[in-house]
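Asker: Encoded as structure tokens, here's the structure I'll be asking about.
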Amino acid sequence: MLDTSVIIDLDELDPLQLPISVAVSALTIAELAAGPHAADDPDERGRRQDRLQRAEATFDPLPFDANAARAYGRIFASVFAAGRKARGARAIDLLIAATALAAELPLYTRNGDDLRAINDLVDVVIV
């Protein structure tokens, strides 16, 4: 599973760093959908809108379902036990990680530091 940070930097990444078959979470699409609204610069807003539309056309996102919700409990517990906060800006990343855990997929990310507390639950691959 590719997290949002990978989708954002997709054009800059070496394709050999990524798996042949990829998936994204519906939460990544949600983050991408919010992106254009958070940009003040019209050019950046356009780039973000283009990224969203390409992602929507390319991926059939995995839902955040009941299994992912249960997996989030395990993710939260691991992060909490490590003395880190599982809320705030990191929350969506952890929900994406829970989706990967529920689907038994590795999580490809550019934010390895944010996910180091869950390495025992999810195969986190930093690209």
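By convention in this document, the chains of the structure tokens carry letters A, B, ... by their order, each chain's residues are numbered from 1, and ligands are numbered from 1 in the order they are shown.
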Using only C-alpha atoms, find each residue in stretch 45-127 of chain A having at least one atom no more than 8 Å away from stretch 5-12 of chain A; report its shortest atom-to-atom pair and that distance in Å (one decimal), rows by chain then rising number, as a Markdown table.

Answerer:
```
| residue | atom | partner | partner_atom | distance |
| --- | --- | --- | --- | --- |
| A:Arg51 | CA | A:Ile8 | CA | 7.4 |
| A:Ala55 | CA | A:Ile7 | CA | 7.9 |
| A:Tyr108 | CA | A:Val6 | CA | 7.0 |
| A:Thr109 | CA | A:Val6 | CA | 5.6 |
| A:Arg110 | CA | A:Ser5 | CA | 5.6 |
| A:Asn111 | CA | A:Ser5 | CA | 7.0 |
| A:Val127 | CA | A:Val6 | CA | 7.7 |
```

Asker: Dump as a tab-separated table the rows for residues of stretch 77-104 of chain A within 8 Å of stretch 112-125 of chain A: closest atom pair and distance in Å with one decimal, only C-alpha atoms counted, ordered by chain and rising residue number.

Answerer:
```
residue	atom	partner	partner_atom	distance
A:Ser78	CA	A:Ile118	CA	6.1
A:Val79	CA	A:Ala117	CA	5.3
A:Ala82	CA	A:Ala117	CA	6.1
A:Arg90	CA	A:Asp114	CA	7.1
A:Leu94	CA	A:Leu115	CA	7.6
A:Ala97	CA	A:Val122	CA	7.2
A:Ala100	CA	A:Val122	CA	7.3
A:Leu101	CA	A:Val122	CA	5.8
A:Glu104	CA	A:Val122	CA	7.9
```

Asker: Hey, what does DSSP flag as strand (DSSP E or B) within chain A? Can you give it to me as a PyMOL selection string?

Answerer: chain A and resi 2+25+62+107-109+124-126

Asker: Extract, using only C-alpha atoms, all DNA, RNA and protein residues at most 12 Å from A:Arg70, discarding same-chain residues fewer than 6 positions from it, and format them as a PyMOL selection string.

Answerer: chain A and resi 64+76-77+95+97-99+101-103

Asker: Write to file, as a short mmCIF file (atom, residue, chain, number, x, y, z; two decimals), in the first residue's frame, the residues of the selection just made, with C-alpha atoms.

Answerer:
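Generated file (part-v9.cif):
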```
data_model
loop_
_atom_site.label_atom_id
_atom_site.label_comp_id
_atom_site.auth_asym_id
_atom_site.auth_seq_id
_atom_site.Cartn_x
_atom_site.Cartn_y
_atom_site.Cartn_z
CA PHE A 64 -11.42 1.95 5.95
CA PHE A 76 -2.96 3.03 18.57
CA ALA A 77 -1.82 0.74 21.39
CA LEU A 95 -5.43 5.11 9.97
CA ALA A 97 -1.35 2.08 8.42
CA ALA A 98 -4.35 0.32 9.99
CA THR A 99 -5.82 -0.18 6.53
CA LEU A 101 -2.46 -3.97 8.54
CA ALA A 102 -6.04 -5.15 7.96
CA ALA A 103 -5.25 -5.92 4.31
#
```

Asker: Between atom CA of A:Asn67 and atom CA of A:Ala91, measure the distance and give it in Å to one decimal.

Answerer: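 Interatomic distance here is 17.2 Å.
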
Asker: Using atom CA of A:Arg74 and atom CA of A:Ala86 as the two end points, give the distance in Å to one decimal.

Answerer: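 Distance between the two atoms: 11.4 Å.
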
Asker: At what distance in Å, to one decimal, does atom CA of A:Arg54 lie from atom CA of A:Leu16?

Answerer: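 Computed distance, atom CA of A:Leu16 to atom CA of A:Arg54, equals 20.3 Å.
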
Asker: Just checking: using only C-alpha atoms, which residue out of A:Ala30, A:Ile75, A:Leu107, A:Ile92 ends up closest to A:Met1?

Answerer: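 So, comparing all the options, the nearest one is A:Leu107.
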
Asker: As number ranges by chain, please: all residues of chain A that backbone DSSP puts in alpha helix (DSSP H).

Answerer: A: 4-8, 26-38, 42-58, 66-81, 91-103

Asker: Considering only C-alpha atoms, can you say which of A:Leu32, A:Ile126, A:Leu52, A:Leu62 comes closest to A:Pro106?

Answerer: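 Comparing A:Leu32, A:Ile126, A:Leu52, A:Leu62 against A:Pro106, the winner is A:Ile126.
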
Asker: Measuring atom to atom with only C-alpha atoms, identify which of A:Asp3, A:Asp14, A:Glu31, A:Asp93 is nearest to A:Arg48.

Answerer: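 Of A:Asp3, A:Asp14, A:Glu31, A:Asp93, the one nearest A:Arg48 is A:Glu31, counting only C-alpha atoms.
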
Asker: Would you please work out which residue, of A:Ala68, A:Ser25, A:His37, A:Phe80, is nearest to A:Glu56 when using only C-alpha atoms?

Answerer: A:Ser25

Asker: Pick out the closest residue to A:Asp50 from this set: A:Leu105, A:Ala66, A:Ala38, A:Ala33. Count only C-alpha atoms.

Answerer: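 The shortest atom-to-atom distance to A:Asp50 comes from A:Ala33.
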
Asker: When distances are computed from only C-alpha atoms, which of A:Leu18, A:Ile96, A:Ile29, A:Leu13 shows the smallest separation from A:Ala69?

Answerer: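 Using only C-alpha atoms, A:Ala69 sits closest to A:Ile96.
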